[in-house]
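> Sharing coords_1.csv, CSV, C-alpha atoms:
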```
chain,number,residue,atom,x,y,z
A,1,MET,CA,-12.5,-19.5,20.3
A,2,THR,CA,-13.0,-19.6,16.5
A,3,SER,CA,-10.6,-17.7,14.3
A,4,GLN,CA,-11.6,-15.5,11.5
A,5,PRO,CA,-11.0,-16.9,8.0
A,6,THR,CA,-8.1,-15.3,6.1
A,7,ARG,CA,-8.7,-12.8,3.4
A,8,GLY,CA,-5.5,-13.9,1.6
A,9,ARG,CA,-1.9,-12.8,1.7
A,10,ALA,CA,-0.7,-9.2,2.0
A,11,ALA,CA,2.8,-7.8,2.1
A,12,VAL,CA,4.4,-4.7,3.6
A,13,VAL,CA,7.5,-3.2,2.0
A,14,VAL,CA,9.4,-0.5,4.0
A,15,VAL,CA,11.7,1.7,1.9
A,16,SER,CA,14.2,3.2,4.2
A,17,THR,CA,18.0,3.3,4.1
A,18,GLN,CA,18.2,3.8,7.8
A,19,ALA,CA,15.7,1.0,8.7
A,20,SER,CA,17.6,-1.4,6.3
A,21,VAL,CA,20.6,-1.0,8.5
A,22,ASP,CA,18.6,-1.1,11.8
A,23,ALA,CA,15.1,-2.5,11.7
A,24,ALA,CA,14.3,-1.0,15.1
A,25,LEU,CA,14.2,2.4,13.3
A,26,ASP,CA,11.1,1.3,11.3
A,27,ARG,CA,8.1,3.0,12.8
A,28,THR,CA,5.5,2.4,10.1
A,29,GLY,CA,5.9,-1.2,8.7
A,30,PRO,CA,4.7,-2.9,11.9
A,31,VAL,CA,1.7,-0.5,12.1
A,32,ILE,CA,0.7,-1.4,8.5
A,33,ALA,CA,1.3,-5.2,9.1
A,34,ALA,CA,-0.9,-5.0,12.3
A,35,TRP,CA,-3.6,-3.1,10.5
A,36,LEU,CA,-3.7,-5.8,7.7
A,37,ARG,CA,-3.7,-8.6,10.3
A,38,GLU,CA,-6.7,-7.0,12.0
A,39,ARG,CA,-8.5,-7.3,8.7
A,40,ALA,CA,-7.7,-11.0,8.5
A,41,PHE,CA,-4.9,-10.9,6.0
A,42,THR,CA,-1.9,-13.2,6.4
A,43,VAL,CA,1.1,-11.0,6.6
A,44,ASP,CA,4.8,-11.8,7.2
A,45,GLU,CA,7.0,-9.3,8.9
A,46,PRO,CA,7.7,-6.1,6.8
A,47,LEU,CA,10.3,-6.4,4.2
A,48,ILE,CA,12.9,-3.6,4.4
A,49,VAL,CA,14.8,-2.3,1.5
A,50,PRO,CA,17.0,0.7,1.2
A,51,ASP,CA,16.1,3.8,-0.8
A,52,GLY,CA,17.2,3.1,-4.3
A,53,GLY,CA,17.3,-0.7,-3.5
A,54,PRO,CA,15.3,-3.5,-5.1
A,55,ILE,CA,11.9,-1.9,-4.5
A,56,ALA,CA,10.3,-3.0,-7.8
A,57,GLU,CA,11.7,-6.5,-7.4
A,58,THR,CA,10.4,-6.8,-3.8
A,59,VAL,CA,6.9,-5.6,-4.7
A,60,GLN,CA,6.8,-7.8,-7.8
A,61,THR,CA,7.9,-10.9,-5.9
A,62,ALA,CA,5.1,-10.3,-3.3
A,63,ALA,CA,2.5,-9.8,-6.0
A,64,VAL,CA,3.6,-12.9,-8.0
A,65,GLY,CA,3.8,-14.8,-4.7
A,66,GLY,CA,0.1,-14.4,-4.2
A,67,ALA,CA,-0.3,-11.2,-2.2
A,68,ARG,CA,-3.7,-9.6,-2.8
A,69,VAL,CA,-2.4,-6.3,-1.2
A,70,VAL,CA,1.1,-4.8,-1.2
A,71,ILE,CA,1.6,-1.7,0.9
A,72,THR,CA,4.9,0.2,0.7
A,73,THR,CA,5.9,2.9,3.1
A,74,GLY,CA,8.7,5.4,2.4
A,75,GLY,CA,10.4,6.9,-0.6
A,76,THR,CA,7.5,9.0,-1.8
A,77,GLY,CA,8.9,12.4,-1.1
A,78,VAL,CA,11.2,14.6,-3.1
A,79,THR,CA,14.7,13.9,-1.7
A,80,PRO,CA,17.3,12.6,-4.2
A,81,THR,CA,16.7,9.0,-3.1
A,82,ASP,CA,12.9,9.0,-2.9
A,83,ARG,CA,12.0,6.9,-5.9
A,84,THR,CA,9.4,4.4,-4.7
A,85,PRO,CA,6.7,5.7,-7.2
A,86,GLU,CA,9.1,5.4,-10.1
A,87,ALA,CA,10.0,1.8,-9.1
A,88,VAL,CA,6.4,0.7,-8.6
A,89,ALA,CA,4.7,2.5,-11.5
A,90,PRO,CA,5.9,0.1,-14.2
A,91,LEU,CA,4.3,-2.8,-12.3
A,92,LEU,CA,0.8,-1.2,-12.4
A,93,GLU,CA,-1.6,-2.1,-15.2
A,94,LEU,CA,-4.4,0.1,-13.8
A,95,GLU,CA,-3.7,3.2,-11.8
A,96,LEU,CA,-6.0,4.5,-9.1
A,97,PRO,CA,-5.1,8.1,-8.6
A,98,GLY,CA,-8.1,9.0,-6.5
A,99,ILE,CA,-6.7,6.9,-3.6
A,100,THR,CA,-3.5,8.9,-3.3
A,101,GLU,CA,-5.3,12.1,-4.0
A,102,GLU,CA,-7.5,11.5,-0.9
A,103,ILE,CA,-4.5,10.5,1.2
A,104,ARG,CA,-2.8,13.8,0.3
A,105,ARG,CA,-6.0,15.8,0.9
A,106,ARG,CA,-6.2,14.3,4.4
A,107,GLY,CA,-2.6,15.0,5.0
A,108,LEU,CA,-3.0,18.6,4.0
A,109,ALA,CA,-5.9,19.0,6.5
A,110,ALA,CA,-3.9,17.3,9.3
A,111,ALA,CA,-0.3,18.3,8.7
A,112,GLY,CA,-0.3,21.2,6.4
A,113,PRO,CA,1.2,21.8,3.0
A,114,THR,CA,4.1,19.5,3.3
A,115,ALA,CA,1.7,16.6,2.7
A,116,LEU,CA,1.5,17.8,-0.9
A,117,LEU,CA,5.1,16.7,-1.5
A,118,SER,CA,4.1,13.1,-1.3
A,119,ARG,CA,4.1,11.5,-4.7
A,120,GLY,CA,2.5,8.2,-3.8
A,121,ILE,CA,0.7,6.0,-6.4
A,122,ALA,CA,-1.8,3.2,-6.2
A,123,GLY,CA,-3.0,0.6,-8.7
A,124,ILE,CA,-3.5,-3.0,-9.7
A,125,THR,CA,-0.8,-5.3,-11.1
A,126,SER,CA,-1.1,-7.9,-13.8
A,127,THR,CA,-1.5,-10.5,-11.0
A,128,GLY,CA,-4.5,-8.6,-9.6
A,129,ALA,CA,-2.7,-7.4,-6.6
A,130,PHE,CA,-3.5,-3.9,-5.2
A,131,VAL,CA,-0.4,-1.9,-4.5
A,132,VAL,CA,-0.3,1.5,-2.8
A,133,THR,CA,2.8,3.5,-1.9
A,134,LEU,CA,2.3,5.4,1.4
A,135,PRO,CA,4.6,8.0,2.8
A,136,GLY,CA,7.2,7.0,5.4
A,137,SER,CA,5.8,9.2,8.1
A,138,ARG,CA,3.5,7.9,10.8
A,139,GLY,CA,0.9,10.6,10.0
A,140,GLY,CA,1.0,9.7,6.3
A,141,VAL,CA,0.6,6.0,7.1
A,142,ALA,CA,-2.4,6.8,9.4
A,143,ASP,CA,-4.0,8.9,6.6
A,144,GLY,CA,-3.4,6.2,4.1
A,145,LEU,CA,-4.8,3.4,6.3
A,146,ALA,CA,-7.9,5.5,7.1
A,147,VAL,CA,-8.6,6.0,3.4
A,148,LEU,CA,-8.0,2.2,2.7
A,149,ASP,CA,-10.2,1.3,5.6
A,150,GLY,CA,-13.3,2.6,3.8
A,151,LEU,CA,-12.6,1.0,0.4
A,152,LEU,CA,-10.3,-2.0,0.5
A,153,ASP,CA,-13.0,-4.7,0.7
A,154,HIS,CA,-14.9,-3.2,-2.2
A,155,LEU,CA,-11.8,-2.6,-4.2
A,156,LEU,CA,-10.6,-6.2,-3.9
A,157,ASP,CA,-14.1,-7.5,-4.7
A,158,GLN,CA,-14.2,-5.3,-7.8
A,159,VAL,CA,-10.7,-6.4,-9.0
A,160,HIS,CA,-11.7,-10.0,-8.8
A,161,GLY,CA,-15.0,-9.5,-10.7
A,162,ALA,CA,-17.6,-9.2,-7.9
A,163,GLY,CA,-20.2,-6.6,-7.4
A,164,HIS,CA,-21.7,-6.2,-10.9
A,165,ALA,CA,-24.9,-7.8,-11.9
A,166,PRO,CA,-25.0,-9.3,-15.4
A,167,ARG,CA,-26.4,-7.0,-18.0
A,168,SER,CA,-29.8,-7.9,-19.3
A,169,ALA,CA,-30.6,-7.7,-23.0
A,170,SER,CA,-32.6,-4.6,-23.8
```
Just give me the structure as structure tokens.


Amino acid sequence: MTSQPTRGRAAVVVVSTQASVDAALDRTGPVIAAWLRERAFTVDEPLIVPDGGPIAETVQTAAVGGARVVITTGGTGVTPTDRTPEAVAPLLELELPGITEEIRRRGLAAAGPTALLSRGIAGITSTGAFVVTLPGSRGGVADGLAVLDGLLDHLLDQVHGAGHAPRSAS
């Protein structure tokens, strides 16, 4: 049996005060990690940080450490401790709002208006890592992974310069 070549490193960051105390309460991190592994990424177990904890530092460490993809889950809502987008935004050199707009649109269709309360963001860091902040709900993660499934390969190719023919002199 031959194994599929790796697509590089990826990281999953779970933002949850409850799961930081008891990892068994994390219902989304393992789903995301399995999804990435199915797509031939090398992924360690999800990193769990509490709401308001070292979110930016954890994402930055993963990106600097060579992760091509960093997916966070949790902390994108409107409670007083939901601050994942604020922690991640300064790390992004290029924002990709269409990705999170589509995730919210799918959530609206599937779960109703509460999906519009998600404030997720997506973009590219200075290291070339793609980062997306997914909701902490299983439905929000399913919506997010469905959106990424259709574009992650192309996105990573584009970030690393593939997919454009050289311009000819006219």

> Need the shell around Pro113 in chain A: protein/DNA/RNA residues with any atom at most 10 Å away, counting all atoms listed in the file. Skip same-chain ones fewer than 6 positions apart. Format as a list in words?

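Skipping anything fewer than 6 positions along the chain leaves Arg104, Arg105 and Gly107 of chain A.
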
> For CA of Gln18 in chain A and CA of Ala63 in chain A, determine how far apart the two atoms are, in Å to one decimal place.

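Those two atoms sit 24.9 Å apart.
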
> Which is closer to Asp157 in chain A than all the others in A:Arg138, A:Arg83, A:Arg39, A:Arg7, using all atoms listed in the file?

A:Arg7

> Counting only C-alpha atoms, what is within 12 Å of range 52-56 of chain A, bar same-chain residues fewer than 2 positions away, as an MDAnalysis selection string?

chainID A and resid 12:17 20 47:50 58:64 70:76 79:92 125 131 133

> Could you state the separation of CA of Phe130 in chain A and CA of Val78 in chain A in Å, given to one decimal place?

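Computing the Euclidean distance for CA of Phe130 in chain A and CA of Val78 in chain A yields 23.7 Å.
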
> Could you work out how far CA of Val43 in chain A lies from CA of Ala115 in chain A, giving the answer in Å with one decimal?

27.9 Å

> Taking all atoms listed in the file into account, which of A:Val159, A:Val69, A:Ala23, A:Val141 comes nearest Gly120 in chain A?

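That would be A:Val141, the residue with the smallest distance to Gly120 in chain A.
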
> From the set A:Glu95, A:Phe41, A:Ile103, A:Glu57, which residue has the shortest atom-to-atom contact distance to Ala142 in chain A, counting all atoms listed in the file?

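When distances to Ala142 in chain A are compared using all atoms listed in the file, the smallest one comes from A:Ile103.
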
> Hey, which of A:Thr6, A:Ser118, A:Thr42, A:Gln158 ends up closest to Gly140 in chain A? Count only C-alpha atoms.

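With only C-alpha atoms as the atom set, the closest residue is A:Ser118.
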
> As a PyMOL selection string, please: the residues near range 96-100 of chain A (cut-off 6 Å, only C-alpha atoms, same-chain neighbours under 6 positions excluded).

chain A and resi 121-123
